[in-house]
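S.K.: Submitted below is the structure of interest, expressed as structure tokens.
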Amino acid sequence: MSSYYLVEISVFGVLASFLSLCMQFKHLLGILLSLEMMTMNVFVLLYTLGTLVNYSGFLALILITLSVCEASLGLSVLVSMIRACGNDYVFSLCSQKC
């Protein structure tokens with residue numbers, strides 16, 4: 001598989017996840033999954049571009065660590081929101097309703 005092919009796929013994936021993020025406005029879980037898809041596609045893009053220029057991949061390791069932290073933080077916010085409000089609707093994030 002060519003590296004340029006992976007770059008094109010990951011750029012398309014970032015654009016598709018951004019479009020999905022713009023369309024997901026009802027549930028917080030859908031928003032978090034769109035963000036996770038975006039970070040994974042950016043990870044693949046940076047790793048592929050790094051291999052094209054013979055980069056060691058240290059930046060990709062930092063990015064994957066930050067994406068794991070983002071996923072765990074998002075899940076903890078989701079769990080605390082479900083415990084407090086009873087659902088994961090974005091419109092219930094208003095402080096007057098919750």
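Scheme for the structure tokens: letters A, B, ... for chains in order shown; per-chain residue numbers from 1; ligand numbers from 1 in order shown.
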Write out as a PyMOL selection string the residues lying within 12 Å of stretch 2-8 of chain A, counting only C-alpha atoms and excluding same-chain residues fewer than 3 positions away.
M.R.: chain A and resi 11-15+41-53
S.K.: Let's have the selection written as a PDB file, in the first residue's frame, with C-alpha atoms.
M.R.:
ATOM      1  CA  VAL A  11      -7.295  13.401   4.869  1.00  0.00           C
ATOM      2  CA  PHE A  12     -10.644  12.113   3.650  1.00  0.00           C
ATOM      3  CA  GLY A  13     -11.203  10.578   7.096  1.00  0.00           C
ATOM      4  CA  VAL A  14     -10.469  13.875   8.847  1.00  0.00           C
ATOM      5  CA  LEU A  15     -12.905  15.691   6.582  1.00  0.00           C
ATOM      6  CA  ASN A  41      -7.131   9.958  11.352  1.00  0.00           C
ATOM      7  CA  VAL A  42      -4.758  12.775  12.300  1.00  0.00           C
ATOM      8  CA  PHE A  43      -2.537  10.174  13.969  1.00  0.00           C
ATOM      9  CA  VAL A  44      -2.439   8.068  10.784  1.00  0.00           C
ATOM     10  CA  LEU A  45      -1.784  11.196   8.720  1.00  0.00           C
ATOM     11  CA  LEU A  46       1.121  12.361  10.880  1.00  0.00           C
ATOM     12  CA  TYR A  47       2.628   8.898  11.087  1.00  0.00           C
ATOM     13  CA  THR A  48       2.413   8.439   7.315  1.00  0.00           C
ATOM     14  CA  LEU A  49       3.867  11.862   6.606  1.00  0.00           C
ATOM     15  CA  GLY A  50       6.599  11.116   9.138  1.00  0.00           C
ATOM     16  CA  THR A  51       7.570   7.922   7.348  1.00  0.00           C
ATOM     17  CA  LEU A  52       7.744   9.796   4.048  1.00  0.00           C
ATOM     18  CA  VAL A  53      10.415  12.146   5.417  1.00  0.00           C
TER      19      VAL A  53
END
S.K.: Return as a short mmCIF file (atom, residue, chain, number, x, y, z; two decimals) with N, CA and C atoms, in the first residue's frame the full set of residues in chain A whose backbone-based DSSP assignment is alpha helix (DSSP H).
M.R.:
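This went into out05.cif:
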data_model
loop_
_atom_site.label_atom_id
_atom_site.label_comp_id
_atom_site.auth_asym_id
_atom_site.auth_seq_id
_atom_site.Cartn_x
_atom_site.Cartn_y
_atom_site.Cartn_z
N SER A 3 2.23 5.04 0.46
CA SER A 3 2.09 6.02 1.54
C SER A 3 1.20 7.18 1.11
N TYR A 4 1.27 7.53 -0.15
CA TYR A 4 0.42 8.62 -0.63
C TYR A 4 -1.05 8.24 -0.58
N TYR A 5 -1.33 6.95 -0.77
CA TYR A 5 -2.70 6.46 -0.68
C TYR A 5 -3.21 6.59 0.75
N LEU A 6 -2.35 6.29 1.73
CA LEU A 6 -2.74 6.44 3.13
C LEU A 6 -2.96 7.90 3.51
N VAL A 7 -2.16 8.79 2.92
CA VAL A 7 -2.35 10.22 3.19
C VAL A 7 -3.70 10.68 2.67
N GLU A 8 -4.06 10.24 1.47
CA GLU A 8 -5.35 10.62 0.90
C GLU A 8 -6.51 10.06 1.72
N ILE A 9 -6.38 8.83 2.17
CA ILE A 9 -7.44 8.22 2.98
C ILE A 9 -7.59 8.93 4.31
N SER A 10 -6.46 9.28 4.95
CA SER A 10 -6.56 9.93 6.25
C SER A 10 -7.07 11.36 6.13
N VAL A 11 -6.73 12.06 5.07
CA VAL A 11 -7.30 13.40 4.87
C VAL A 11 -8.80 13.30 4.64
N PHE A 12 -9.22 12.32 3.85
CA PHE A 12 -10.64 12.11 3.65
C PHE A 12 -11.32 11.74 4.97
N GLY A 13 -10.65 10.95 5.80
CA GLY A 13 -11.20 10.58 7.10
C GLY A 13 -11.35 11.76 8.03
N VAL A 14 -10.38 12.67 8.01
CA VAL A 14 -10.47 13.87 8.85
C VAL A 14 -11.64 14.74 8.40
N LEU A 15 -11.79 14.90 7.09
CA LEU A 15 -12.91 15.69 6.58
C LEU A 15 -14.25 15.03 6.88
N ALA A 16 -14.31 13.71 6.76
CA ALA A 16 -15.56 13.01 7.06
C ALA A 16 -15.90 13.08 8.55
N SER A 17 -14.88 12.98 9.40
CA SER A 17 -15.15 13.09 10.84
C SER A 17 -15.54 14.50 11.23
N PHE A 18 -14.98 15.50 10.55
CA PHE A 18 -15.38 16.88 10.82
C PHE A 18 -16.82 17.12 10.40
N LEU A 19 -17.21 16.54 9.26
CA LEU A 19 -18.59 16.64 8.81
C LEU A 19 -19.52 15.91 9.78
N SER A 20 -19.09 14.77 10.25
CA SER A 20 -19.89 14.03 11.23
C SER A 20 -20.00 14.79 12.54
N LEU A 21 -18.94 15.48 12.94
CA LEU A 21 -18.97 16.28 14.16
C LEU A 21 -19.93 17.45 14.02
N CYS A 22 -19.99 18.04 12.84
CA CYS A 22 -20.91 19.15 12.62
C CYS A 22 -22.36 18.68 12.61
N MET A 23 -22.60 17.44 12.20
CA MET A 23 -23.97 16.95 12.12
C MET A 23 -24.45 16.31 13.41
N LEU A 28 -24.11 13.30 23.24
CA LEU A 28 -22.70 13.56 23.56
C LEU A 28 -21.82 12.39 23.14
N LEU A 29 -22.32 11.18 23.18
CA LEU A 29 -21.53 10.02 22.78
C LEU A 29 -21.17 10.08 21.30
N GLY A 30 -22.09 10.52 20.46
CA GLY A 30 -21.80 10.69 19.03
C GLY A 30 -20.73 11.74 18.79
N ILE A 31 -20.77 12.81 19.56
CA ILE A 31 -19.76 13.86 19.43
C ILE A 31 -18.39 13.33 19.84
N LEU A 32 -18.35 12.57 20.93
CA LEU A 32 -17.08 12.02 21.40
C LEU A 32 -16.51 11.00 20.41
N LEU A 33 -17.37 10.21 19.79
CA LEU A 33 -16.89 9.26 18.79
C LEU A 33 -16.38 9.96 17.55
N SER A 34 -17.00 11.05 17.16
CA SER A 34 -16.51 11.83 16.02
C SER A 34 -15.15 12.44 16.32
N LEU A 35 -14.98 12.95 17.53
CA LEU A 35 -13.68 13.49 17.91
C LEU A 35 -12.60 12.42 17.96
N GLU A 36 -12.96 11.24 18.42
CA GLU A 36 -11.99 10.14 18.47
C GLU A 36 -11.61 9.70 17.06
N MET A 37 -12.58 9.67 16.15
CA MET A 37 -12.28 9.32 14.77
C MET A 37 -11.36 10.36 14.13
N MET A 38 -11.57 11.62 14.48
CA MET A 38 -10.73 12.68 13.95
C MET A 38 -9.29 12.55 14.46
N THR A 39 -9.13 12.27 15.74
CA THR A 39 -7.77 12.15 16.28
C THR A 39 -7.06 10.93 15.73
N MET A 40 -7.78 9.84 15.50
CA MET A 40 -7.13 8.66 14.92
C MET A 40 -6.70 8.91 13.47
N ASN A 41 -7.52 9.64 12.73
CA ASN A 41 -7.13 9.96 11.35
C ASN A 41 -5.95 10.93 11.31
N VAL A 42 -5.91 11.87 12.23
CA VAL A 42 -4.76 12.77 12.30
C VAL A 42 -3.51 12.00 12.70
N PHE A 43 -3.66 11.02 13.59
CA PHE A 43 -2.54 10.17 13.97
C PHE A 43 -1.99 9.41 12.76
N VAL A 44 -2.87 8.81 11.98
CA VAL A 44 -2.44 8.07 10.78
C VAL A 44 -1.79 9.02 9.79
N LEU A 45 -2.35 10.21 9.64
CA LEU A 45 -1.78 11.20 8.72
C LEU A 45 -0.39 11.62 9.15
N LEU A 46 -0.20 11.94 10.41
CA LEU A 46 1.12 12.36 10.88
C LEU A 46 2.13 11.23 10.82
N TYR A 47 1.71 10.02 11.14
CA TYR A 47 2.63 8.90 11.09
C TYR A 47 3.04 8.60 9.64
N THR A 48 2.10 8.68 8.72
CA THR A 48 2.41 8.44 7.31
C THR A 48 3.31 9.53 6.75
N LEU A 49 3.01 10.78 7.07
CA LEU A 49 3.87 11.86 6.61
C LEU A 49 5.25 11.78 7.25
N GLY A 50 5.31 11.30 8.48
CA GLY A 50 6.60 11.12 9.14
C GLY A 50 7.44 10.04 8.50
N THR A 51 6.81 8.97 8.02
CA THR A 51 7.57 7.92 7.35
C THR A 51 8.03 8.37 5.96
N LEU A 52 7.32 9.30 5.36
CA LEU A 52 7.74 9.80 4.05
C LEU A 52 9.03 10.63 4.14
N PHE A 58 8.33 10.18 16.95
CA PHE A 58 8.14 10.60 18.33
C PHE A 58 6.89 11.46 18.47
N LEU A 59 6.60 12.27 17.47
CA LEU A 59 5.40 13.11 17.51
C LEU A 59 4.13 12.26 17.47
N ALA A 60 4.17 11.17 16.73
CA ALA A 60 3.01 10.27 16.67
C ALA A 60 2.76 9.61 18.02
N LEU A 61 3.83 9.29 18.73
CA LEU A 61 3.68 8.70 20.06
C LEU A 61 3.04 9.69 21.03
N ILE A 62 3.43 10.94 20.95
CA ILE A 62 2.82 11.96 21.79
C ILE A 62 1.35 12.15 21.43
N LEU A 63 1.04 12.15 20.14
CA LEU A 63 -0.34 12.33 19.71
C LEU A 63 -1.23 11.17 20.13
N ILE A 64 -0.75 9.95 20.05
CA ILE A 64 -1.57 8.82 20.47
C ILE A 64 -1.78 8.82 21.98
N THR A 65 -0.79 9.30 22.73
CA THR A 65 -0.94 9.43 24.18
C THR A 65 -1.99 10.47 24.52
N LEU A 66 -1.97 11.60 23.82
CA LEU A 66 -2.97 12.64 24.06
C LEU A 66 -4.36 12.19 23.65
N SER A 67 -4.47 11.38 22.60
CA SER A 67 -5.80 10.91 22.19
C SER A 67 -6.37 9.93 23.20
N VAL A 68 -5.52 9.13 23.84
CA VAL A 68 -6.00 8.23 24.89
C VAL A 68 -6.48 9.03 26.09
N CYS A 69 -5.75 10.09 26.42
CA CYS A 69 -6.17 10.96 27.53
C CYS A 69 -7.49 11.65 27.20
N GLU A 70 -7.65 12.06 25.95
CA GLU A 70 -8.90 12.70 25.52
C GLU A 70 -10.06 11.74 25.60
N ALA A 71 -9.84 10.49 25.22
CA ALA A 71 -10.92 9.49 25.26
C ALA A 71 -11.33 9.18 26.70
N SER A 72 -10.36 9.05 27.58
CA SER A 72 -10.71 8.74 28.97
C SER A 72 -11.40 9.93 29.64
N LEU A 73 -10.98 11.14 29.33
CA LEU A 73 -11.63 12.32 29.88
C LEU A 73 -13.05 12.47 29.34
N GLY A 74 -13.23 12.21 28.06
CA GLY A 74 -14.57 12.28 27.48
C GLY A 74 -15.51 11.25 28.06
N LEU A 75 -15.02 10.03 28.29
CA LEU A 75 -15.87 9.01 28.89
C LEU A 75 -16.21 9.34 30.33
N SER A 76 -15.27 9.93 31.07
CA SER A 76 -15.59 10.31 32.45
C SER A 76 -16.61 11.44 32.50
N VAL A 77 -16.53 12.38 31.56
CA VAL A 77 -17.54 13.44 31.48
C VAL A 77 -18.89 12.85 31.10
N LEU A 78 -18.89 11.89 30.20
CA LEU A 78 -20.14 11.25 29.79
C LEU A 78 -20.78 10.50 30.95
N VAL A 79 -19.99 9.76 31.72
CA VAL A 79 -20.53 9.02 32.85
C VAL A 79 -21.06 9.96 33.92
N SER A 80 -20.33 11.01 34.22
CA SER A 80 -20.81 11.96 35.24
C SER A 80 -22.06 12.70 34.77
N MET A 81 -22.15 12.98 33.48
CA MET A 81 -23.34 13.64 32.97
C MET A 81 -24.56 12.71 33.02
N ILE A 82 -24.36 11.44 32.71
CA ILE A 82 -25.47 10.49 32.77
C ILE A 82 -25.91 10.28 34.22
N ARG A 83 -24.97 10.27 35.15
CA ARG A 83 -25.34 10.12 36.55
C ARG A 83 -26.08 11.34 37.08
N ALA A 84 -25.69 12.52 36.61
CA ALA A 84 -26.32 13.74 37.12
C ALA A 84 -27.65 14.03 36.44
N CYS A 85 -27.71 13.87 35.12
CA CYS A 85 -28.91 14.26 34.37
C CYS A 85 -29.79 13.09 33.97
#
